[in-house]
>>> print(open('model14.cif').read())   # mmCIF, C-alpha atoms
data_start
loop_
_atom_site.label_atom_id
_atom_site.label_comp_id
_atom_site.auth_asym_id
_atom_site.auth_seq_id
_atom_site.Cartn_x
_atom_site.Cartn_y
_atom_site.Cartn_z
CA MET D 15 69.42 50.30 120.70
CA ALA D 16 69.73 53.21 118.33
CA TYR D 17 71.88 53.00 115.23
CA LYS D 18 73.57 55.96 113.60
CA ALA D 19 72.62 56.85 110.08
CA SER D 20 74.70 55.03 107.49
CA PHE D 21 75.93 58.37 105.99
CA SER D 22 77.19 59.54 109.36
CA ARG D 23 78.92 56.20 109.95
CA GLY D 24 80.46 56.50 106.49
CA LEU D 25 81.91 59.87 107.38
CA LYS D 26 83.54 58.54 110.51
CA SER D 27 85.19 55.64 108.79
CA GLY D 28 88.70 55.87 107.30
CA LEU D 29 89.60 59.10 105.59
CA LEU D 30 85.99 60.22 105.31
CA ASN D 31 85.65 61.70 108.77
CA PRO D 32 85.10 65.41 109.57
CA TYR D 33 88.76 65.89 110.32
CA GLY D 34 89.81 64.20 107.07
CA ILE D 35 87.35 66.26 105.07
CA GLU D 36 88.48 69.48 106.76
CA VAL D 37 92.13 68.72 106.08
CA PHE D 38 91.29 67.77 102.49
CA VAL D 39 89.34 70.99 101.92
CA CYS D 40 92.11 73.09 103.50
CA VAL D 41 94.81 71.41 101.40
CA LEU D 42 92.66 71.87 98.31
CA ILE D 43 92.14 75.55 99.07
CA SER D 44 95.88 75.97 99.71
CA LEU D 45 96.72 74.34 96.37
CA LEU D 46 94.17 76.50 94.59
CA LEU D 47 95.69 79.55 96.24
CA ILE D 48 99.15 78.53 95.08
CA LEU D 49 97.83 78.19 91.52
CA ALA D 50 95.97 81.50 91.71
CA SER D 51 98.96 83.33 93.11
CA THR D 52 101.34 81.93 90.50
CA ALA D 53 98.86 82.80 87.75
CA LYS D 54 98.48 86.26 89.34
CA THR D 55 94.77 86.40 88.68
CA LYS D 56 93.09 89.75 89.16
CA ILE D 57 90.77 88.45 91.88
CA PHE D 58 93.73 87.12 93.82
CA LEU D 59 95.74 90.35 93.46
CA ASP D 60 92.72 92.41 94.54
CA PHE D 61 92.24 90.11 97.51
CA LYS D 62 95.90 90.41 98.48
CA TYR D 63 95.79 94.18 98.20
CA TYR D 64 92.61 94.22 100.29
CA VAL D 65 94.15 92.07 103.03
CA ILE D 66 97.32 94.16 103.16
CA SER D 67 95.28 97.38 103.29
CA ILE D 68 93.21 96.07 106.15
CA SER D 69 96.19 94.77 108.09
CA LYS D 70 98.27 97.93 107.66
CA PRO D 71 96.89 99.70 110.77
CA GLY D 72 97.68 96.56 112.77
CA LEU D 73 101.21 96.50 111.42
CA ILE D 74 101.69 100.16 112.26
CA LEU D 75 100.26 99.67 115.74
CA VAL D 76 102.48 96.68 116.50
CA GLY D 77 105.45 98.44 114.92
CA LYS D 78 105.08 101.59 117.03
CA PRO D 79 107.23 100.21 119.88
CA PHE D 80 109.82 99.24 117.25
CA GLN D 81 109.79 102.73 115.88
CA PHE D 82 110.07 104.21 119.35
CA LEU D 83 112.92 101.84 120.21
CA ASN D 84 114.70 102.58 116.96
CA GLY D 85 114.24 106.32 117.43
CA SER D 86 115.58 106.06 120.99
CA LEU D 87 118.59 104.05 119.83
CA ILE D 88 119.36 106.61 117.13
CA TYR D 89 118.95 109.40 119.68
CA PHE D 90 121.34 107.74 122.14
CA SER D 91 123.76 106.94 119.34
CA ASP D 92 123.71 110.61 118.37
CA LEU D 93 124.12 111.55 122.01
CA LYS D 94 127.16 109.31 122.20
CA GLY D 95 128.75 111.15 119.29
CA ALA D 96 127.66 114.55 120.60
CA HIS D 97 130.93 115.17 122.42
CA LYS D 98 132.94 114.46 119.28
CA LEU D 99 130.59 116.57 117.17
CA ASN D 100 130.84 119.39 119.69
CA SER D 101 134.65 119.30 119.51
CA GLU D 102 134.49 119.39 115.72
CA LEU D 103 132.07 122.31 115.77
CA ILE D 104 134.24 124.22 118.26
CA SER D 105 137.23 123.70 116.01
CA GLU D 106 135.22 124.76 112.93
CA ASN D 107 133.91 127.76 114.80
CA LYS D 108 137.44 128.77 115.73
CA ASN D 109 138.54 128.50 112.09
CA LEU D 110 135.57 130.56 110.94
CA LYS D 111 136.32 133.22 113.54
CA ASP D 112 139.90 133.37 112.25
CA GLU D 113 138.53 133.75 108.71
CA ILE D 114 136.22 136.55 109.82
CA ASN D 115 139.12 138.35 111.47
CA LYS D 116 141.15 137.93 108.31
CA ASN D 117 138.29 139.27 106.20
CA THR D 118 137.78 142.23 108.51
CA PHE D 119 141.47 143.01 108.24
CA LEU D 120 141.31 142.81 104.44
CA ARG D 121 138.25 145.06 104.34
CA VAL D 122 139.98 147.63 106.48
CA GLU D 123 143.07 147.39 104.30
CA ASN D 124 140.92 147.72 101.18
CA PHE D 125 139.18 150.77 102.59
CA LYS D 126 142.52 152.38 103.41
CA LEU D 127 143.90 151.69 99.93
CA LYS D 128 140.78 153.13 98.31
CA LYS D 129 141.12 156.22 100.43
CA LEU D 130 144.71 156.46 99.34
CA LEU D 131 143.73 156.18 95.66
CA ASN D 132 140.73 158.43 96.17
CA ILE D 133 138.25 155.92 94.64
CA ASP D 134 134.53 156.31 95.23
CA GLU D 135 132.39 153.20 95.54
CA ALA D 136 130.00 152.83 92.66
CA ASP D 137 128.14 150.02 90.97
CA TYR D 138 129.22 150.02 87.36
CA SER D 139 126.72 147.51 86.18
CA LYS D 140 123.26 146.28 86.91
CA LYS D 141 121.03 143.64 85.41
CA ILE D 142 117.45 144.14 84.28
CA THR D 143 115.15 141.32 83.29
CA ALA D 144 112.98 142.11 80.30
CA ARG D 145 110.22 140.37 78.44
CA ILE D 146 110.36 139.92 74.67
CA LEU D 147 107.45 141.75 73.05
CA ILE D 148 107.96 140.59 69.50
CA ASP D 149 109.71 137.32 68.91
CA SER D 150 112.08 137.95 66.24
CA TYR D 151 113.91 134.75 65.76
CA ALA D 152 111.60 133.85 62.94
CA HIS D 153 112.33 137.08 61.09
CA GLU D 154 115.14 137.54 58.70
CA ASN D 155 116.49 140.67 60.32
CA SER D 156 116.83 138.85 63.66
CA ARG D 157 115.75 141.73 65.77
CA ILE D 158 113.76 141.52 68.94
CA PHE D 159 111.76 144.03 70.89
CA ILE D 160 111.80 144.06 74.67
CA ASP D 161 109.59 145.82 77.20
CA VAL D 162 112.24 147.96 78.92
CA GLY D 163 113.53 151.27 77.71
CA LYS D 164 114.97 154.64 78.68
CA GLU D 165 112.82 154.84 81.78
CA ASN D 166 114.45 151.69 83.09
CA GLY D 167 117.89 153.16 82.60
CA LEU D 168 118.74 151.39 79.35
CA LYS D 169 121.18 152.89 76.90
CA VAL D 170 122.07 152.06 73.34
CA ASN D 171 124.62 149.24 73.11
CA ASP D 172 123.76 147.69 76.48
CA ILE D 173 124.29 143.95 76.25
CA VAL D 174 121.34 141.53 76.18
CA PHE D 175 121.59 137.92 77.37
CA ASN D 176 119.31 134.97 77.25
CA GLU D 177 119.70 131.82 79.38
CA PHE D 178 122.52 130.52 77.13
CA GLY D 179 124.67 133.63 76.77
CA ILE D 180 125.04 136.94 74.94
CA ILE D 181 122.23 137.40 72.44
CA GLY D 182 122.78 140.95 71.22
CA ARG D 183 122.82 144.61 72.14
CA ILE D 184 120.33 147.44 72.37
CA ALA D 185 120.08 149.10 68.95
CA GLU D 186 117.25 151.56 69.45
CA LEU D 187 115.64 152.95 72.56
CA GLY D 188 112.07 153.87 73.26
CA LYS D 189 110.54 155.14 76.45
CA ASN D 190 109.38 151.77 77.62
CA SER D 191 110.63 149.44 74.94
CA SER D 192 113.81 148.80 73.00
CA LYS D 193 114.97 147.11 69.85
CA VAL D 194 117.70 144.54 70.24
CA LEU D 195 120.12 143.83 67.44
CA THR D 196 120.91 140.16 67.87
CA ILE D 197 124.35 138.74 67.16
CA PHE D 198 122.74 136.68 64.38
CA ASP D 199 121.77 139.81 62.49
CA GLN D 200 123.83 140.60 59.40
CA ASP D 201 124.26 144.15 60.65
CA SER D 202 125.75 142.95 63.90
CA VAL D 203 129.52 143.11 64.15
CA ILE D 204 131.25 142.13 67.37
CA PRO D 205 134.94 142.65 68.05
CA ALA D 206 136.24 139.33 69.32
CA PHE D 207 139.34 137.60 70.58
CA SER D 208 140.20 133.91 70.51
CA LEU D 209 141.46 132.69 73.87
CA GLU D 210 143.88 129.96 72.71
CA SER D 211 145.25 131.21 69.39
CA LYS D 212 145.21 134.85 70.65
CA LYS D 213 143.77 136.36 67.47
CA SER D 214 141.63 139.49 67.22
CA PHE D 215 138.91 139.70 64.59
CA LEU D 216 135.31 140.70 64.01
CA LEU D 217 132.27 138.50 64.06
CA GLU D 218 129.42 139.16 61.67
CA GLY D 219 125.95 137.66 62.11
CA ASP D 220 124.83 135.03 59.64
CA VAL D 221 121.36 133.65 60.55
CA ASP D 222 122.44 130.92 62.98
CA LYS D 223 126.22 131.34 63.13
CA LEU D 224 128.85 134.08 63.16
CA ASN D 225 131.28 134.63 60.31
CA LEU D 226 134.82 135.79 60.87
CA LYS D 227 136.01 139.06 59.39
CA HIS D 228 139.32 140.82 59.22
CA LEU D 229 141.40 137.77 59.96
CA GLU D 230 144.02 136.85 57.37
CA ASN D 231 144.21 133.17 57.94
CA ILE D 232 141.04 131.95 59.54
CA PHE D 233 142.42 128.39 59.72
CA ASP D 234 144.91 129.57 62.36
CA LEU D 235 142.08 129.35 64.84
CA LYS D 236 141.71 126.15 66.81
CA HIS D 237 138.64 124.01 66.67
CA ASN D 238 136.36 124.43 69.69
CA GLU D 239 138.35 127.26 71.20
CA VAL D 240 136.32 129.87 73.04
CA VAL D 241 135.87 133.34 71.59
CA VAL D 242 135.23 136.34 73.84
CA THR D 243 134.37 139.99 73.29
CA THR D 244 136.92 142.81 73.41
CA ASP D 245 136.28 146.42 74.26
CA ALA D 246 137.66 147.57 70.87
CA ALA D 247 134.29 148.91 69.70
CA GLY D 248 133.66 150.64 72.98
CA TYR D 249 130.24 149.19 73.65
CA PHE D 250 131.14 145.68 74.76
CA LYS D 251 132.87 144.89 77.98
CA GLU D 252 135.84 142.64 77.33
CA GLY D 253 135.86 138.95 78.20
CA ILE D 254 132.22 138.08 77.59
CA LYS D 255 132.03 134.61 76.07
CA ILE D 256 130.43 134.57 72.64
CA GLY D 257 130.84 131.05 71.32
CA LYS D 258 133.17 128.37 70.08
CA VAL D 259 135.19 128.17 66.85
CA GLN D 260 133.94 125.49 64.48
CA LYS D 261 136.22 124.30 61.70
CA THR D 262 135.05 122.31 58.73
CA LEU D 263 137.01 121.30 55.64
CA ASN D 264 136.51 124.61 53.87
CA LYS D 265 134.91 126.86 56.47
CA VAL D 266 135.63 128.39 59.82
CA PHE D 267 132.90 130.08 61.78
CA VAL D 268 131.83 130.70 65.36
CA GLN D 269 128.91 128.88 66.86
CA PRO D 270 127.44 131.19 69.52
CA PHE D 271 126.53 129.87 72.96
CA ALA D 272 123.26 131.77 72.75
CA LYS D 273 121.01 129.57 70.73
CA LYS D 274 117.59 130.31 69.47
CA SER D 275 115.46 130.02 72.55
CA ASP D 276 111.79 129.66 73.38
CA SER D 277 112.22 131.75 76.49
CA ILE D 278 110.32 135.03 76.50
CA TYR D 279 112.66 136.63 79.02
CA VAL D 280 116.09 138.15 78.51
CA ASN D 281 118.49 140.06 80.76
CA VAL D 282 119.99 143.42 79.95
CA LEU D 283 123.35 144.28 81.41
CA ILE D 284 123.75 148.01 81.89
CA TYR D 285 127.28 149.39 82.11
CA ASP D 286 128.03 152.80 83.42
CA PHE D 287 131.09 153.43 81.30
CA GLN D 288 131.35 157.09 82.18
CA ASN D 289 131.48 156.23 85.83
CA GLN D 290 134.02 153.58 85.14
CA LEU D 291 136.13 155.85 83.03
CA SER D 292 136.15 158.53 85.73
CA TRP D 293 138.45 156.42 87.91
CA MET W 25 82.11 83.14 129.81
CA TYR W 26 84.32 86.14 129.18
CA ASN W 27 87.35 84.33 130.62
CA ASN W 28 86.50 81.26 128.59
CA PHE W 29 86.48 83.34 125.43
CA ILE W 30 89.85 84.87 126.28
CA THR W 31 91.49 81.55 127.12
CA LYS W 32 90.18 79.98 123.93
CA SER W 33 91.11 82.84 121.67
CA PHE W 34 94.46 83.61 123.26
CA PRO W 35 96.57 81.33 120.99
CA TYR W 36 94.90 82.85 117.95
CA ILE W 37 95.53 86.39 119.16
CA LEU W 38 99.12 85.49 120.00
CA ILE W 39 99.77 84.03 116.56
CA PHE W 40 98.19 87.01 114.82
CA PHE W 41 100.28 89.28 117.03
CA PHE W 42 103.43 87.42 115.98
CA ILE W 43 102.49 87.71 112.32
CA PHE W 44 102.16 91.48 112.74
CA PHE W 45 105.26 91.55 114.91
CA GLU W 46 107.27 89.75 112.24
CA PHE W 47 106.22 92.03 109.40
CA SER W 48 105.83 95.43 111.03
CA PRO W 49 109.54 96.37 110.73
CA ILE W 50 109.20 96.04 106.95
CA TYR W 51 106.78 98.97 107.00
CA PHE W 52 109.21 101.19 108.90
CA PHE W 53 112.62 100.33 107.52
CA GLU W 54 113.55 100.43 103.87
CA ASN W 55 116.50 98.09 104.11
CA GLN W 56 116.07 94.36 103.86
CA LEU W 57 115.89 93.05 107.39
CA ILE W 58 117.11 89.85 108.95
CA ARG W 59 114.02 88.61 110.71
CA PRO W 60 113.62 85.15 112.19
CA TYR W 61 110.65 82.98 111.22
CA MET W 62 108.88 83.83 114.46
CA THR W 63 105.36 82.97 113.36
CA PHE W 64 106.42 79.60 112.01
CA THR W 65 108.29 78.88 115.25
CA VAL W 66 105.38 79.93 117.46
CA VAL W 67 102.82 77.93 115.48
CA TYR W 68 105.16 74.92 115.49
CA CYS W 69 105.72 75.20 119.23
CA TRP W 70 102.03 75.58 119.93
CA ILE W 71 101.16 72.57 117.80
CA CYS W 72 103.84 70.60 119.65
CA HIS W 73 102.45 71.51 123.05
CA ASP W 74 98.72 71.66 122.49
CA PHE W 75 97.58 70.84 118.98
CA GLN W 76 93.97 70.38 120.12
CA ARG W 77 93.57 74.12 120.43
CA PHE W 78 93.67 74.46 116.66
CA ARG W 79 91.72 73.25 113.70
CA PRO W 80 93.14 72.79 110.20
CA LEU W 81 90.93 75.65 109.04
CA SER W 82 92.37 78.10 111.57
CA LEU W 83 95.91 77.01 110.65
CA MET W 84 95.07 77.55 107.02
CA ILE W 85 93.88 81.08 107.82
CA PHE W 86 97.11 81.80 109.72
CA GLY W 87 99.18 80.49 106.83
CA LEU W 88 97.13 82.38 104.30
CA PHE W 89 97.45 85.65 106.18
CA TYR W 90 101.17 85.07 106.72
CA ASP W 91 101.78 84.33 103.04
CA LEU W 92 99.69 87.28 101.87
CA LEU W 93 101.91 89.62 103.85
CA GLN W 94 105.14 87.85 103.11
CA THR W 95 105.41 86.50 99.63
CA GLU W 96 103.99 86.44 96.13
CA VAL W 97 103.15 82.73 96.13
CA VAL W 98 100.39 82.13 98.68
CA GLY W 99 99.54 78.75 100.16
CA ILE W 100 102.88 77.12 101.00
CA THR W 101 102.74 78.09 104.66
CA CYS W 102 99.14 76.87 104.92
CA LEU W 103 100.22 73.47 103.61
CA PHE W 104 103.12 73.30 106.06
CA PHE W 105 101.02 74.26 109.06
CA ILE W 106 98.43 71.61 108.12
CA LEU W 107 101.19 69.07 107.55
CA ILE W 108 102.79 69.72 110.94
CA TYR W 109 99.39 69.61 112.58
CA HIS W 110 98.53 66.34 110.87
CA VAL W 111 101.87 64.75 111.82
CA GLN W 112 101.43 65.74 115.45
CA ARG W 113 97.81 64.63 115.54
CA LYS W 114 98.25 61.29 113.84
CA LYS W 115 101.40 60.31 115.63
CA SER W 116 100.73 62.11 118.87
CA GLY W 117 103.94 63.46 120.33
CA ASN W 118 105.93 62.78 117.23
CA LEU W 119 107.30 66.29 117.07
CA ILE W 120 108.16 66.49 120.72
CA SER W 121 110.68 64.24 122.46
CA PHE W 122 111.97 63.81 125.96
CA ASP W 123 115.34 64.90 124.78
CA PHE W 124 115.02 68.55 123.77
CA LYS W 125 117.86 68.24 121.26
CA GLU W 126 115.75 65.81 119.26
CA THR W 127 112.82 68.27 119.25
CA TRP W 128 115.18 70.98 118.18
CA ILE W 129 116.57 68.89 115.32
CA LYS W 130 113.04 68.03 114.15
CA PHE W 131 112.15 71.71 114.12
CA THR W 132 115.33 72.47 112.17
CA ILE W 133 114.41 69.84 109.57
CA TYR W 134 110.84 71.11 109.19
CA LEU W 135 111.99 74.71 108.96
CA LEU W 136 114.66 73.83 106.42
CA ILE W 137 112.14 71.94 104.26
CA TYR W 138 109.74 74.88 104.55
CA ILE W 139 112.37 77.45 103.53
CA VAL W 140 113.70 75.34 100.65
CA THR W 141 110.18 74.61 99.33
CA SER W 142 109.22 78.24 99.61
CA MET W 143 112.42 79.26 97.85
CA ILE W 144 111.95 76.78 95.00
CA VAL W 145 108.30 77.72 94.44
CA ASN W 146 109.07 81.44 94.52
CA VAL W 147 112.01 81.12 92.17
CA LEU W 148 110.18 78.82 89.74
CA PHE W 149 106.85 80.57 89.57
CA ASN W 150 107.62 84.11 90.42
CA ASP W 151 111.15 84.94 89.19
CA THR W 152 111.97 86.24 92.64
CA ASN W 153 115.59 86.85 93.50
CA PHE W 154 116.22 84.75 96.56
CA ASN W 155 118.74 86.28 98.93
CA PHE W 156 120.62 83.24 100.22
CA LYS W 157 122.69 85.12 102.75
CA SER W 158 119.83 86.87 104.52
CA ASN W 159 117.63 83.76 104.42
CA PHE W 160 120.42 81.67 105.85
CA LEU W 161 120.84 84.18 108.66
CA CYS W 162 117.06 84.14 109.27
CA PHE W 163 117.19 80.36 109.40
CA ILE W 164 120.06 80.32 111.90
CA LEU W 165 118.38 83.01 114.01
CA SER W 166 115.09 81.05 114.04
CA ILE W 167 116.90 77.91 115.18
CA ALA W 168 118.75 79.85 117.85
CA LEU W 169 115.52 81.40 119.14
CA PHE W 170 113.58 78.13 119.09
CA PRO W 171 114.37 77.13 122.73
CA LEU W 172 113.16 80.54 123.93
CA PHE W 173 109.87 80.34 122.05
CA PHE W 174 109.48 76.70 122.97
CA SER W 175 109.76 77.40 126.70
CA ILE W 176 107.46 80.46 126.48
CA ILE W 177 104.77 78.54 124.60
CA ASP W 178 105.22 75.58 126.97
CA LYS W 179 104.49 77.79 129.95
CA LEU W 180 101.61 79.58 128.23
CA SER W 181 99.96 76.41 127.00
CA TYR W 182 100.33 74.84 130.45
CA LYS W 183 98.80 77.89 132.07
CA PHE W 184 95.88 78.10 129.67
CA ARG W 185 95.26 74.37 129.90
CA GLY W 186 95.06 74.86 133.63
CA TYR W 187 92.51 77.64 133.19
CA ASN W 188 90.50 75.44 130.90
CA ASP W 189 90.50 72.58 133.39
#
>>> encode(input="model14.cif", output="structure tokens")
Amino acid sequence: MAYKASFSRGLKSGLLNPYGIEVFVCVLISLLLILASTAKTKIFLDFKYYVISISKPGLILVGKPFQFLNGSLIYFSDLKGAHKLNSELISENKNLKDEINKNTFLRVENFKLKKLLNIDEADYSKKITARILIDSYAHENSRIFIDVGKENGLKVNDIVFNEFGIIGRIAELGKNSSKVLTIFDQDSVIPAFSLESKKSFLLEGDVDKLNLKHLENIFDLKHNEVVVTTDAAGYFKEGIKIGKVQKTLNKVFVQPFAKKSDSIYVNVLIYDFQNQLSW
Amino acid sequence: MYNNFITKSFPYILIFFFIFFEFSPIYFFENQLIRPYMTFTVVYCWICHDFQRFRPLSLMIFGLFYDLLQTEVVGITCLFFILIYHVQRKKSGNLISFDFKETWIKFTIYLLIYIVTSMIVNVLFNDTNFNFKSNFLCFILSIALFPLFFSIIDKLSYKFRGYND
């Protein structure tokens, strides 16, 4: 009669059997995993990322029918609402057609009225984008040079804008370059009009702000009211926004919308006054 | 030999399929989804019907994989699977009763303990915001689907036992 080894018999008895040991090891591993995951150890996080990366194709594969089903449901749902959508679009289409008819009528009416007044169509303004050749903001005279000139159709006094607003006007013209007198320049004087208090005055450049001139009581102006250009000087089109009135205890000045900018591009607005005046 | 391999590995493949099946919508939809605890239910049902097909190690791997995809704290599901397996093995037929209602209630209790434990551990150790409403709905949905899974696994386990024999 053969006897089993004492170690083997020991394993089979009580808790120390293969099943017991396996369960014990599994429980131990599970507990260690709980600890590792709560501690968020790097090894554990890497392992988790690795497992998720590996299982992602499986998830996508199993999820494909879901996606197809979901897509089909959305398609049928859309199909269900197609009739309603079609009715809405027909109605919208009808409204748009009415609008087009109305517009056509207005255009015809406009054409007839122009004929009656004997007005020729002409573009009185155009915009040219120019690049700043010499950045001037650092200089005291606040003048900038741009790379467009006579050849591009520029004239003296054409208005120059940056991304914030009016920055100045063309002071001197070259063939392919021009000098811009900025509104900050002391030589710059702009005829202006305050929109709320309805006052006319001049604005003189003063480094980073504009001082008011020829206004008896400057404190009549309202704080933060917008100031626009007038055509009094003949070279500015009226209604171009310049800035806002700023009132302090002893001073009133205009803070221009056009601030000192890093942009190397400006726009030049060219007005054909002669054409406009020939109306 | 080929058939033998398939019949033996089928429960494992099925459980892995359910794990993927349970989590794949997460990868396609951004919104938080109400998804029943299908894997837990399937593993539970399979242990009820034919626990001999599994070993604690394989259950631990299922639980580990499930937790790695599901939550920040890994290991709770492994412990539960091993616990259920141990209960069924030691007191054979403890989880399953002649009256199905009793089986259903036992499943509900185990699932509830599992969810509450998981919630507590996640909240304590991981500062996770636990969405009570969606988890409650998942719980109810799992309980409602239990008879369906139970009957499917019953048929499958019976069939594969027959193949084995």
>>> closest_residue(input="model14.cif", among="W:Thr95, W:Asn28, W:Asn150, W:Asn118", to="chain D", atoms="only C-alpha atoms")
W:Asn150
>>> resolve_selection(input="model14.cif", expression="the PyMOL selection byres ((chain W) within 6 of (chain D))", output="PyMOL selection string")
chain W and resi 44+48+80+92+97-99+149
>>> resolve_selection(input="model14.cif", expression="the PyMOL selection byres ((chain W and resi 169-173) around 9)", output="ChimeraX atom specification")
/W:60,62,65-66,69,124,128,131,164-168,174-178
>>> resolve_selection(input="model14.cif", expression="the PyMOL selection byres ((chain W and resi 110) around 10)", output="ChimeraX atom specification")
/D:33-34,37 /W:71,75,80,104-109,111-116
>>> atom_distance(input="model14.cif", atom1="atom CA of Tyr182 of chain W", atom2="atom CA of Ser121 of chain W")
16.8 Å
>>> atom_distance(input="model14.cif", atom1="atom CA of Cys162 of chain W", atom2="atom CA of Leu88 of chain W")
20.6 Å
>>> residues_around(input="model14.cif", residues="Ser214 of chain D", least_positions_apart="6", cutoff="12 Å", atoms="only C-alpha atoms", output="mmCIF file with C-alpha atoms, in the frame of the given file")
data_model
loop_
_atom_site.group_PDB
_atom_site.id
_atom_site.type_symbol
_atom_site.label_atom_id
_atom_site.label_comp_id
_atom_site.auth_asym_id
_atom_site.auth_seq_id
_atom_site.Cartn_x
_atom_site.Cartn_y
_atom_site.Cartn_z
ATOM 1 C CA ILE D 204 131.250 142.130 67.370
ATOM 2 C CA PRO D 205 134.940 142.650 68.050
ATOM 3 C CA ALA D 206 136.240 139.330 69.320
ATOM 4 C CA PHE D 207 139.340 137.600 70.580
ATOM 5 C CA SER D 208 140.200 133.910 70.510
ATOM 6 C CA LEU D 226 134.820 135.790 60.870
ATOM 7 C CA LYS D 227 136.010 139.060 59.390
ATOM 8 C CA HIS D 228 139.320 140.820 59.220
ATOM 9 C CA LEU D 229 141.400 137.770 59.960
ATOM 10 C CA GLU D 230 144.020 136.850 57.370
ATOM 11 C CA ASN D 231 144.210 133.170 57.940
ATOM 12 C CA ILE D 232 141.040 131.950 59.540
ATOM 13 C CA ASP D 234 144.910 129.570 62.360
ATOM 14 C CA LEU D 235 142.080 129.350 64.840
ATOM 15 C CA VAL D 241 135.870 133.340 71.590
ATOM 16 C CA VAL D 242 135.230 136.340 73.840
ATOM 17 C CA THR D 243 134.370 139.990 73.290
ATOM 18 C CA THR D 244 136.920 142.810 73.410
ATOM 19 C CA ASP D 245 136.280 146.420 74.260
ATOM 20 C CA ALA D 246 137.660 147.570 70.870
#
>>> closest_residue(input="model14.cif", among="D:Ser91, D:Asn225, D:Thr143, D:Ser67", to="Asn281 of chain D", atoms="all atoms listed in the file")
D:Thr143
>>> atom_distance(input="model14.cif", atom1="atom CA of Pro32 of chain D", atom2="atom CA of Gly87 of chain W")
20.8 Å
>>> residues_around(input="model14.cif", residues="Tyr36 of chain W", least_positions_apart="5", cutoff="12 Å", atoms="all atoms listed in the file", output="list in words")
Phe29, Ile30, Thr31, Phe41, Phe42, Ile43, Thr63, Val66, Val67, Trp70, Arg77, Phe78, Arg79, Ser82, Leu83, Ile85 and Phe86 of chain W
>>> closest_residue(input="model14.cif", among="D:Phe82, D:Phe215, D:Phe198, D:Phe271", to="Ile158 of chain D", atoms="only C-alpha atoms")
D:Phe198
>>> residues_near_point(input="model14.cif", point="(137.8, 125.5, 68.4)", cutoff="10 Å", atoms="only C-alpha atoms", output="MDAnalysis selection string")
chainID D and resid 208:211 235:241 257:261 266:269
>>> decode(input="model14.cif", residues="segment 220-232 of chain D", atoms="N, CA and C atoms", output="short mmCIF file (atom, residue, chain, number, x, y, z; two decimals), in the first residue's frame")
data_model
loop_
_atom_site.label_atom_id
_atom_site.label_comp_id
_atom_site.auth_asym_id
_atom_site.auth_seq_id
_atom_site.Cartn_x
_atom_site.Cartn_y
_atom_site.Cartn_z
N ASP D 220 -1.97 114.63 -29.16
CA ASP D 220 -1.12 114.86 -27.99
C ASP D 220 -0.58 113.51 -27.49
N VAL D 221 0.38 112.98 -28.21
CA VAL D 221 1.09 111.72 -27.93
C VAL D 221 0.14 110.51 -27.90
N ASP D 222 -0.66 110.37 -26.84
CA ASP D 222 -1.52 109.19 -26.78
C ASP D 222 -2.99 109.55 -26.62
N LYS D 223 -3.30 110.86 -26.68
CA LYS D 223 -4.70 111.27 -26.55
C LYS D 223 -4.94 112.46 -27.47
N LEU D 224 -6.16 112.93 -27.52
CA LEU D 224 -6.48 114.08 -28.38
C LEU D 224 -7.05 115.20 -27.52
N ASN D 225 -6.46 116.37 -27.67
CA ASN D 225 -6.95 117.52 -26.90
C ASN D 225 -8.02 118.28 -27.68
N LEU D 226 -8.93 118.89 -26.90
CA LEU D 226 -10.03 119.61 -27.54
C LEU D 226 -9.63 121.07 -27.79
N LYS D 227 -10.03 121.56 -28.93
CA LYS D 227 -9.73 122.96 -29.26
C LYS D 227 -10.99 123.64 -29.78
N HIS D 228 -11.01 124.92 -29.56
CA HIS D 228 -12.14 125.73 -30.05
C HIS D 228 -13.48 125.28 -29.50
N LEU D 229 -13.48 124.99 -28.23
CA LEU D 229 -14.75 124.68 -27.56
C LEU D 229 -14.74 125.47 -26.25
N GLU D 230 -15.75 126.32 -26.10
CA GLU D 230 -15.75 127.26 -24.96
C GLU D 230 -15.75 126.52 -23.63
N ASN D 231 -16.72 125.74 -23.45
CA ASN D 231 -16.79 125.01 -22.19
C ASN D 231 -16.64 123.51 -22.44
N ILE D 232 -15.42 123.06 -22.25
CA ILE D 232 -15.16 121.64 -22.57
C ILE D 232 -15.89 120.69 -21.63
#
